[in-house]
Amino acid sequence: MKRVPILAVTAAAVFALAAQFLFRPEAGIFFLAAPGSVFASQSAAKPCGTVTVAAASDLTYAMNEIAANFQKETGCVVRLSMGSSGNFLTQIENRAPFDVFFSADIAWPKKLETEGLAAPGSTYLYAVGKLVLWTRNDSHVDVSKGFSALRDPAVKKIAIANPAHAPYGRAAEDALRHAGVYDAVKDRLVLGENTSQTAEFVASGNADVGLLARSLVVTPQMKDQGHGWLIPDNLYAPIEQGAVVVRASANPQGAQRFLDYVKSPATVALFARYGLDLPAKNSSGGKP
Amino acid sequence: MNWEALALSLKLAVCAAGILLAVGMPIAYWITFSRWRWKFVVEAIVALPIVLPPTVLGYYILAGLGPRHFAGRMWESLFGHTLPFTFSGLLVASVLYSLPFAVQPITAGFEGVDRRLIEASWTLGASRLSTFFRVILPLSAAGAITGIVLSFAHTIGEFGVVLMVGGNIPGVTRTISIDIYDQVQAANYDVANRTALILLLFSLAVLSLIYGTNRRALSLWRKS
């Protein structure tokens with residue numbers, strides 16, 4: 001009986017090791033793309049306190065970098081929550097303690113303003129999102145052929161974000177319809193909760209191909225794993241992404257300062273590096 | 001109100017409860033009567049889903065049983081498709097995730113059967129199998145019913161795993177809990193409200209019916 005705890009610990013250790021061995025993720029994306037919250041590092045000086053930011057999941061990587069830069073320059077502390085815009089809308093409507101909200105759809109900040117839950121006139125169009133038809137490098141799908149590649153019956157699962165509420169999903173459905181392939185692919189669609197989960201479906205190989213936010217696929221975490229085809233702008237309504245200062249913010253000055261920082265040329269350039277242009281630039285089928 | 005999603009949830013829960021009854025019985029029997037010194041390891045494995053968050057199971061199904069890993073490719077060659085985004089994938093996840101909710105009440109039921117009756121049956125020449133069906137099972141039916149009801153209910157209430165590996169396909173993996181989540185995200189609060197209320201009343205009705213018609217099913221709460 002004395003040996004039971006030792007045995008239990010040994011068994012647990014063996015399981016943990018076995019799990020590591022069997023399921024070792026070949027890509028960091030599984031950890032990074034999770035729509036959980038990410039704490040940015042603390043800074044010593046506090047000229048504008050702590051700013052709590054809720055941001056759409058297509059900004060997962062871009063926002064981490066912006067928050068780090070902002071902290072470095074101002075000494076303010078940024079707490080980042082990444083997730084789905086629709087969820088954040090509901091949470092803010094129910095008095096979630098966010099200071100700034102970066103939605104993937106500008107309709108939600110506008111709705112909050114109309115409802116009197118956002119600082120009047122603070123809605124800001126920070127980027128226009130782009131869609132990429134993306135696949136893993138080890139996949140058999142030739143995305144350079146564009147949407148016609150999807151007609152191949154060997155393409156079994158096509159991942160898009162949920163068109164019912166995710167802006168990138170709506171754009172994806174839009175594009176598939178305008179390209180005339182929607183009916184051919186609709187039974188093979190799998191829906192991610194947001195574009196970040198959709199990217200994870202493709203990156204993990206569970207879906208053959210996906211229509212993803214360009215801001216995710218150009219990141220170091222994803223760009224070496226696969227390749228994509230930039231979907232022509234004229235196939236879908238622009239994905240206008242808006243930010244807003246939350247009315248109930250405990251730190252309105254800090255919130256405004258963060259939003260001002262996002263409007264600065266340096267941040268606009270950073271967004272552009274992640275494929276989030278402002279204003280919409282013309283693009284057509286080619287490399288993202 | 002999305003009736004298709006409700007029907008899918010019911011189908012998933014019925015299938016999962018059925019499989020769990022078939023799988024749970026032998027496991028519970030073994031746990032009850034085995035005297036193997038490593039038995040506690042099996043008990044711990046069965047109880048794991050109570051502790052583990054659904055994200056762990058979801059992650060392993062997505063990453064470990066996906067097409068990029070050995071286990072996933074094995075599954076694909078056997079069944080023609082990988083687990084994520086399929087009904088059978090949800091079923092496998094549900095069975096694993098509800099396993100303790102079936103096995104533990106059934107085990108409690110078996111353990112409550114007077115050992116002397118079982119031994120009397122054996123000494124009178126009944127085989128182990130017929131002892132099981134004619135003595136043990138009738139005396140522990142309440143535990144089995146509790147096990148079925150709990151695994152059914154737990155599957156209806158499942159959300160995290162389905163969100164992670166389902167892919168939200170209407171009629172295949174869009175369960176009622178996912179549908180409510182979608183409605184909330186799309187800010188369709190009135191639809192979400194109606195669906196949530198119907199689900200609440202439905203769950204309460206099912207559980208009341210079963211606990212009301214079978215008082216002894218409550219033994220889960222009283223005994224163990």
# chains A, B, ... in the order shown; residues from 1 in each chain; ligands from 1
>>> interface_residues(of="chain B", to="chain A", cutoff="7 Å", atoms="only C-alpha atoms", output="ChimeraX atom specification")
/B:63-64,66-68,84-85,167-169,185-187
>>> residues_around(residues="segment 21-24 of chain B", least_positions_apart="4", cutoff="9 Å", atoms="only C-alpha atoms", output="PyMOL selection string")
chain B and resi 16-17+28-29+99-100+102-104+106-107+144+147-148+151
>>> residues_around(residues="Gly226 of chain A", least_positions_apart="6", cutoff="7 Å", atoms="only C-alpha atoms", output="number ranges by chain")
A: 134-137
>>> write_last_selection(atoms="C-alpha atoms", output="mmCIF file, in the first residue's frame")
data_model
loop_
_atom_site.group_PDB
_atom_site.id
_atom_site.type_symbol
_atom_site.label_atom_id
_atom_site.label_comp_id
_atom_site.auth_asym_id
_atom_site.auth_seq_id
_atom_site.Cartn_x
_atom_site.Cartn_y
_atom_site.Cartn_z
ATOM 1 C CA TRP A 134 -4.711 28.586 -48.109
ATOM 2 C CA THR A 135 -3.409 25.054 -47.862
ATOM 3 C CA ARG A 136 -0.560 23.200 -46.215
ATOM 4 C CA ASN A 137 2.630 22.635 -48.185
#
>>> closest_residue(among="B:Ile19, B:Ala108, B:Ala7, B:Val41", to="Val92 of chain B", atoms="only C-alpha atoms")
B:Ile19
>>> closest_residue(among="B:Gly157, B:Gly212, B:Gly166, B:Gly112", to="Ile180 of chain B", atoms="only C-alpha atoms")
B:Gly157
>>> residues_around(residues="segment 188-202 of chain B", least_positions_apart="3", cutoff="10 Å", atoms="only C-alpha atoms", output="JSON, numbers by chain")
{"A": [90, 165], "B": [1, 2, 3, 6, 156, 157, 176, 177, 179, 180, 181, 182, 183, 184, 185, 205, 206, 207, 208]}
>>> write_last_selection(atoms="N, CA and C atoms", output="short mmCIF file (atom, residue, chain, number, x, y, z; two decimals), in the first residue's frame")
data_model
loop_
_atom_site.label_atom_id
_atom_site.label_comp_id
_atom_site.auth_asym_id
_atom_site.auth_seq_id
_atom_site.Cartn_x
_atom_site.Cartn_y
_atom_site.Cartn_z
N THR A 90 -21.52 40.67 -27.19
CA THR A 90 -22.45 40.25 -26.13
C THR A 90 -21.88 40.58 -24.76
N HIS A 165 -22.05 34.46 -38.38
CA HIS A 165 -21.65 35.58 -37.52
C HIS A 165 -20.22 36.06 -37.69
N MET B 1 -35.87 28.77 -33.74
CA MET B 1 -35.55 27.49 -33.09
C MET B 1 -35.08 26.49 -34.13
N ASN B 2 -33.93 25.92 -33.90
CA ASN B 2 -33.34 25.01 -34.87
C ASN B 2 -33.65 23.55 -34.48
N TRP B 3 -34.71 23.02 -35.09
CA TRP B 3 -35.15 21.66 -34.72
C TRP B 3 -34.16 20.60 -35.20
N LEU B 6 -31.60 20.23 -32.59
CA LEU B 6 -32.12 19.52 -31.42
C LEU B 6 -32.20 18.02 -31.72
N ILE B 156 -26.14 15.56 -24.11
CA ILE B 156 -26.97 16.70 -24.55
C ILE B 156 -26.26 18.00 -24.16
N GLY B 157 -25.67 18.01 -22.98
CA GLY B 157 -25.06 19.22 -22.47
C GLY B 157 -23.65 19.47 -22.96
N ILE B 176 -27.37 21.27 -30.58
CA ILE B 176 -28.21 22.35 -30.07
C ILE B 176 -27.39 23.33 -29.22
N SER B 177 -26.41 22.83 -28.49
CA SER B 177 -25.60 23.74 -27.66
C SER B 177 -24.77 24.67 -28.55
N ASP B 179 -25.67 25.56 -31.58
CA ASP B 179 -26.62 26.46 -32.21
C ASP B 179 -26.90 27.67 -31.31
N ILE B 180 -27.06 27.42 -30.02
CA ILE B 180 -27.31 28.53 -29.09
C ILE B 180 -26.11 29.48 -29.09
N TYR B 181 -24.91 28.90 -29.06
CA TYR B 181 -23.70 29.71 -29.07
C TYR B 181 -23.64 30.58 -30.32
N ASP B 182 -23.96 29.98 -31.48
CA ASP B 182 -23.95 30.73 -32.74
C ASP B 182 -24.94 31.89 -32.70
N GLN B 183 -26.14 31.60 -32.17
CA GLN B 183 -27.16 32.66 -32.13
C GLN B 183 -26.71 33.81 -31.25
N VAL B 184 -26.06 33.48 -30.12
CA VAL B 184 -25.57 34.54 -29.23
C VAL B 184 -24.50 35.36 -29.95
N GLN B 185 -23.60 34.66 -30.65
CA GLN B 185 -22.52 35.37 -31.34
C GLN B 185 -23.04 36.26 -32.44
N ALA B 205 -37.62 18.25 -17.81
CA ALA B 205 -38.71 17.29 -17.99
C ALA B 205 -38.17 15.87 -18.05
N VAL B 206 -37.11 15.67 -18.84
CA VAL B 206 -36.55 14.32 -18.97
C VAL B 206 -36.07 13.81 -17.62
N LEU B 207 -35.32 14.64 -16.93
CA LEU B 207 -34.77 14.20 -15.64
C LEU B 207 -35.87 13.96 -14.62
N SER B 208 -36.89 14.84 -14.61
CA SER B 208 -37.99 14.66 -13.67
C SER B 208 -38.73 13.36 -13.95
#
>>> select_by_dssp(residues="segment 87-228 of chain A", states="helix (DSSP H, G or I)", output="VMD selection string")
chain A and resid 87 to 93 107 to 114 143 to 151 167 to 178 182 to 188 195 to 203 214 to 217 220 to 223
>>> select_by_dssp(residues="segment 73-266 of chain A", states="strand (DSSP E or B)", output="number ranges by chain")
A: 77-83, 100-102, 118, 124-129, 131-136, 158-161, 189-192, 209-213, 226-230, 239-246
>>> write_last_selection(atoms="N, CA and C atoms", output="compact mmCIF listing (two decimals), in the first residue's frame")
# COMPACT_ATOMS: atom_id res chain seq x y z
N VAL A 77 0.24 49.58 -19.33
CA VAL A 77 0.14 48.12 -19.39
C VAL A 77 -1.07 47.74 -20.25
N VAL A 78 -0.87 46.78 -21.15
CA VAL A 78 -1.98 46.33 -21.99
C VAL A 78 -2.33 44.90 -21.64
N ARG A 79 -3.60 44.68 -21.39
CA ARG A 79 -4.08 43.30 -21.22
C ARG A 79 -4.90 42.95 -22.44
N LEU A 80 -4.52 41.87 -23.12
CA LEU A 80 -5.16 41.51 -24.38
C LEU A 80 -6.07 40.31 -24.21
N SER A 81 -7.28 40.42 -24.74
CA SER A 81 -8.17 39.25 -24.85
C SER A 81 -8.46 39.03 -26.32
N MET A 82 -8.13 37.84 -26.82
CA MET A 82 -8.43 37.56 -28.22
C MET A 82 -9.62 36.62 -28.27
N GLY A 83 -10.50 36.83 -29.23
CA GLY A 83 -11.65 35.94 -29.33
C GLY A 83 -12.51 36.33 -30.51
N VAL A 100 -11.12 48.99 -24.78
CA VAL A 100 -11.19 49.17 -26.23
C VAL A 100 -11.60 47.84 -26.86
N PHE A 101 -12.39 47.94 -27.93
CA PHE A 101 -12.87 46.74 -28.60
C PHE A 101 -12.48 46.82 -30.08
N PHE A 102 -11.67 45.86 -30.53
CA PHE A 102 -11.29 45.77 -31.94
C PHE A 102 -12.11 44.65 -32.57
N ALA A 118 -20.83 52.72 -26.28
CA ALA A 118 -19.47 53.08 -26.71
C ALA A 118 -19.36 54.60 -26.71
N TYR A 124 -13.67 53.66 -35.23
CA TYR A 124 -12.57 53.93 -36.15
C TYR A 124 -12.33 52.71 -37.04
N LEU A 125 -12.32 52.94 -38.35
CA LEU A 125 -12.04 51.87 -39.30
C LEU A 125 -10.54 51.64 -39.33
N TYR A 126 -10.08 50.56 -38.70
CA TYR A 126 -8.63 50.40 -38.57
C TYR A 126 -8.02 49.54 -39.66
N ALA A 127 -8.81 48.77 -40.34
CA ALA A 127 -8.25 47.92 -41.39
C ALA A 127 -9.35 47.33 -42.24
N VAL A 128 -8.97 46.92 -43.43
CA VAL A 128 -9.87 46.16 -44.28
C VAL A 128 -9.21 44.79 -44.49
N GLY A 129 -9.92 43.75 -44.06
CA GLY A 129 -9.34 42.41 -44.10
C GLY A 129 -9.35 41.80 -45.49
N LEU A 131 -8.99 38.02 -47.78
CA LEU A 131 -9.15 36.57 -47.69
C LEU A 131 -8.12 35.86 -48.56
N VAL A 132 -7.63 34.74 -48.05
CA VAL A 132 -6.66 33.94 -48.80
C VAL A 132 -7.16 32.49 -48.84
N LEU A 133 -7.06 31.89 -50.02
CA LEU A 133 -7.31 30.46 -50.14
C LEU A 133 -6.00 29.77 -49.78
N TRP A 134 -5.99 29.03 -48.68
CA TRP A 134 -4.71 28.59 -48.11
C TRP A 134 -4.70 27.08 -47.90
N THR A 135 -3.54 26.49 -48.11
CA THR A 135 -3.41 25.05 -47.86
C THR A 135 -2.02 24.76 -47.33
N ARG A 136 -1.87 23.59 -46.72
CA ARG A 136 -0.56 23.20 -46.21
C ARG A 136 0.37 22.84 -47.37
N ILE A 158 -13.36 21.69 -46.75
CA ILE A 158 -12.98 23.07 -47.01
C ILE A 158 -13.42 23.90 -45.80
N ALA A 159 -12.46 24.53 -45.13
CA ALA A 159 -12.78 25.25 -43.90
C ALA A 159 -13.04 26.72 -44.17
N ILE A 160 -14.15 27.22 -43.65
CA ILE A 160 -14.40 28.66 -43.63
C ILE A 160 -14.90 29.02 -42.24
N ALA A 161 -14.81 30.28 -41.86
CA ALA A 161 -15.39 30.69 -40.59
C ALA A 161 -16.91 30.70 -40.76
N LEU A 189 -18.07 21.90 -46.76
CA LEU A 189 -17.63 22.99 -45.88
C LEU A 189 -17.63 22.56 -44.42
N VAL A 190 -16.58 22.95 -43.70
CA VAL A 190 -16.62 22.85 -42.24
C VAL A 190 -16.43 24.26 -41.71
N LEU A 191 -17.17 24.56 -40.62
CA LEU A 191 -17.20 25.93 -40.15
C LEU A 191 -16.42 26.10 -38.86
N GLY A 192 -15.49 27.04 -38.88
CA GLY A 192 -14.78 27.39 -37.65
C GLY A 192 -15.55 28.45 -36.90
N VAL A 209 -8.18 22.49 -47.20
CA VAL A 209 -7.94 23.85 -47.65
C VAL A 209 -8.88 24.76 -46.89
N GLY A 210 -8.55 26.04 -46.80
CA GLY A 210 -9.44 26.95 -46.08
C GLY A 210 -9.39 28.35 -46.67
N LEU A 211 -10.48 29.11 -46.40
CA LEU A 211 -10.50 30.52 -46.78
C LEU A 211 -10.23 31.31 -45.51
N LEU A 212 -9.01 31.85 -45.40
CA LEU A 212 -8.54 32.39 -44.13
C LEU A 212 -8.19 33.86 -44.23
N ALA A 213 -8.12 34.48 -43.04
CA ALA A 213 -7.69 35.88 -42.99
C ALA A 213 -6.21 35.96 -43.38
N GLY A 226 2.51 26.58 -45.11
CA GLY A 226 1.63 26.42 -46.25
C GLY A 226 1.76 27.58 -47.21
N HIS A 227 0.88 27.60 -48.19
CA HIS A 227 0.91 28.69 -49.16
C HIS A 227 -0.51 29.00 -49.57
N GLY A 228 -0.69 30.17 -50.16
CA GLY A 228 -2.05 30.58 -50.45
C GLY A 228 -2.20 31.32 -51.75
N TRP A 229 -3.44 31.61 -52.05
CA TRP A 229 -3.82 32.36 -53.24
C TRP A 229 -4.75 33.47 -52.78
N LEU A 230 -4.33 34.70 -53.06
CA LEU A 230 -5.12 35.85 -52.60
C LEU A 230 -6.42 35.93 -53.40
N ILE A 239 -14.12 43.52 -45.98
CA ILE A 239 -14.23 43.17 -44.56
C ILE A 239 -13.75 44.37 -43.75
N GLU A 240 -14.67 45.27 -43.48
CA GLU A 240 -14.31 46.49 -42.76
C GLU A 240 -14.25 46.22 -41.27
N GLN A 241 -13.09 46.46 -40.69
CA GLN A 241 -12.89 46.16 -39.28
C GLN A 241 -12.82 47.45 -38.48
N GLY A 242 -13.62 47.51 -37.41
CA GLY A 242 -13.70 48.75 -36.65
C GLY A 242 -13.36 48.57 -35.19
N ALA A 243 -12.83 49.66 -34.61
CA ALA A 243 -12.52 49.66 -33.18
C ALA A 243 -13.31 50.76 -32.50
N VAL A 244 -13.51 50.63 -31.20
CA VAL A 244 -14.31 51.61 -30.47
C VAL A 244 -13.86 51.65 -29.02
N VAL A 245 -14.03 52.83 -28.39
CA VAL A 245 -13.75 52.93 -26.95
C VAL A 245 -15.03 52.59 -26.20
N VAL A 246 -14.93 51.67 -25.28
CA VAL A 246 -16.11 51.23 -24.55
C VAL A 246 -16.53 52.31 -23.55
>>> atom_distance(atom1="atom CA of Phe110 of chain B", atom2="atom CA of Leu139 of chain B")
8.1 Å
>>> closest_residue(among="A:Ala248, A:Val217, A:Ala255, A:Val202", to="Cys76 of chain A", atoms="only C-alpha atoms")
A:Ala255
>>> residues_around(residues="Ala175 of chain A", least_positions_apart="2", cutoff="8 Å", atoms="only C-alpha atoms", output="list in words")
Ala171, Ala172, Glu173, Arg177, His178, Ala179, Ile231, Leu235 and Tyr236 of chain A
>>> write_last_selection(atoms="C-alpha atoms", output="PDB file, in the first residue's frame")
ATOM      1  CA  ALA A 171     -16.859  37.098 -46.987  1.00  0.00           C
ATOM      2  CA  ALA A 172     -15.806  33.517 -47.718  1.00  0.00           C
ATOM      3  CA  GLU A 173     -19.344  32.445 -48.548  1.00  0.00           C
ATOM      4  CA  ARG A 177     -20.952  32.242 -54.480  1.00  0.00           C
ATOM      5  CA  HIS A 178     -19.563  34.935 -56.761  1.00  0.00           C
ATOM      6  CA  ALA A 179     -16.956  32.532 -58.116  1.00  0.00           C
ATOM      7  CA  ILE A 231      -8.827  35.896 -53.375  1.00  0.00           C
ATOM      8  CA  LEU A 235     -15.594  38.613 -55.208  1.00  0.00           C
ATOM      9  CA  TYR A 236     -16.656  39.713 -51.736  1.00  0.00           C
TER      10      TYR A 236
END
>>> atom_distance(atom1="atom CA of Arg170 of chain A", atom2="atom CA of Ala55 of chain A")
18.5 Å
>>> decode(residues="segment 16-44 of chain B", atoms="N, CA and C atoms", output="compact mmCIF listing (two decimals), in the first residue's frame")
# COMPACT_ATOMS: atom_id res chain seq x y z
N ALA B 16 -24.85 7.66 -27.87
CA ALA B 16 -23.79 7.64 -26.87
C ALA B 16 -24.23 6.84 -25.64
N ALA B 17 -25.49 7.07 -25.20
CA ALA B 17 -25.98 6.35 -24.02
C ALA B 17 -26.05 4.85 -24.30
N GLY B 18 -26.48 4.50 -25.52
CA GLY B 18 -26.56 3.08 -25.89
C GLY B 18 -25.19 2.42 -25.86
N ILE B 19 -24.22 3.07 -26.49
CA ILE B 19 -22.86 2.51 -26.52
C ILE B 19 -22.30 2.43 -25.10
N LEU B 20 -22.55 3.49 -24.32
CA LEU B 20 -22.00 3.51 -22.96
C LEU B 20 -22.59 2.41 -22.09
N LEU B 21 -23.86 2.08 -22.36
CA LEU B 21 -24.46 0.99 -21.60
C LEU B 21 -23.75 -0.32 -21.92
N ALA B 22 -23.54 -0.54 -23.22
CA ALA B 22 -22.88 -1.77 -23.66
C ALA B 22 -21.43 -1.84 -23.19
N VAL B 23 -20.73 -0.71 -23.26
CA VAL B 23 -19.32 -0.69 -22.89
C VAL B 23 -19.15 -0.57 -21.38
N GLY B 24 -20.04 0.20 -20.78
CA GLY B 24 -19.92 0.50 -19.35
C GLY B 24 -20.15 -0.71 -18.46
N MET B 25 -21.09 -1.58 -18.87
CA MET B 25 -21.42 -2.77 -18.07
C MET B 25 -20.20 -3.65 -17.80
N PRO B 26 -19.52 -4.10 -18.87
CA PRO B 26 -18.35 -4.96 -18.60
C PRO B 26 -17.26 -4.24 -17.80
N ILE B 27 -17.04 -2.95 -18.08
CA ILE B 27 -16.02 -2.22 -17.33
C ILE B 27 -16.40 -2.16 -15.86
N ALA B 28 -17.69 -1.84 -15.60
CA ALA B 28 -18.16 -1.73 -14.22
C ALA B 28 -18.07 -3.09 -13.52
N TYR B 29 -18.42 -4.13 -14.26
CA TYR B 29 -18.36 -5.49 -13.70
C TYR B 29 -16.92 -5.82 -13.31
N TRP B 30 -16.01 -5.49 -14.21
CA TRP B 30 -14.60 -5.79 -13.96
C TRP B 30 -14.10 -4.99 -12.74
N ILE B 31 -14.47 -3.72 -12.70
CA ILE B 31 -14.01 -2.87 -11.58
C ILE B 31 -14.56 -3.42 -10.26
N THR B 32 -15.81 -3.89 -10.30
CA THR B 32 -16.43 -4.37 -9.07
C THR B 32 -15.78 -5.67 -8.58
N PHE B 33 -15.49 -6.60 -9.49
CA PHE B 33 -15.11 -7.93 -9.05
C PHE B 33 -13.62 -8.25 -9.19
N SER B 34 -12.91 -7.39 -9.89
CA SER B 34 -11.48 -7.68 -10.06
C SER B 34 -10.73 -7.44 -8.75
N ARG B 35 -9.69 -8.24 -8.53
CA ARG B 35 -8.86 -8.02 -7.35
C ARG B 35 -7.42 -7.72 -7.76
N TRP B 36 -7.29 -7.33 -9.03
CA TRP B 36 -6.00 -6.99 -9.57
C TRP B 36 -5.42 -5.78 -8.84
N ARG B 37 -4.13 -5.84 -8.51
CA ARG B 37 -3.57 -4.76 -7.71
C ARG B 37 -3.48 -3.43 -8.45
N TRP B 38 -3.48 -3.46 -9.80
CA TRP B 38 -3.39 -2.22 -10.59
C TRP B 38 -4.76 -1.66 -10.95
N LYS B 39 -5.80 -2.22 -10.33
CA LYS B 39 -7.16 -1.80 -10.67
C LYS B 39 -7.33 -0.28 -10.57
N PHE B 40 -6.64 0.32 -9.56
CA PHE B 40 -6.84 1.75 -9.36
C PHE B 40 -6.44 2.58 -10.59
N VAL B 41 -5.51 2.06 -11.38
CA VAL B 41 -5.11 2.79 -12.59
C VAL B 41 -6.28 2.84 -13.57
N VAL B 42 -6.96 1.70 -13.73
CA VAL B 42 -8.12 1.66 -14.63
C VAL B 42 -9.21 2.60 -14.12
N GLU B 43 -9.44 2.56 -12.78
CA GLU B 43 -10.46 3.45 -12.21
C GLU B 43 -10.10 4.91 -12.47
N ALA B 44 -8.81 5.23 -12.34
CA ALA B 44 -8.38 6.61 -12.57
C ALA B 44 -8.59 7.02 -14.02
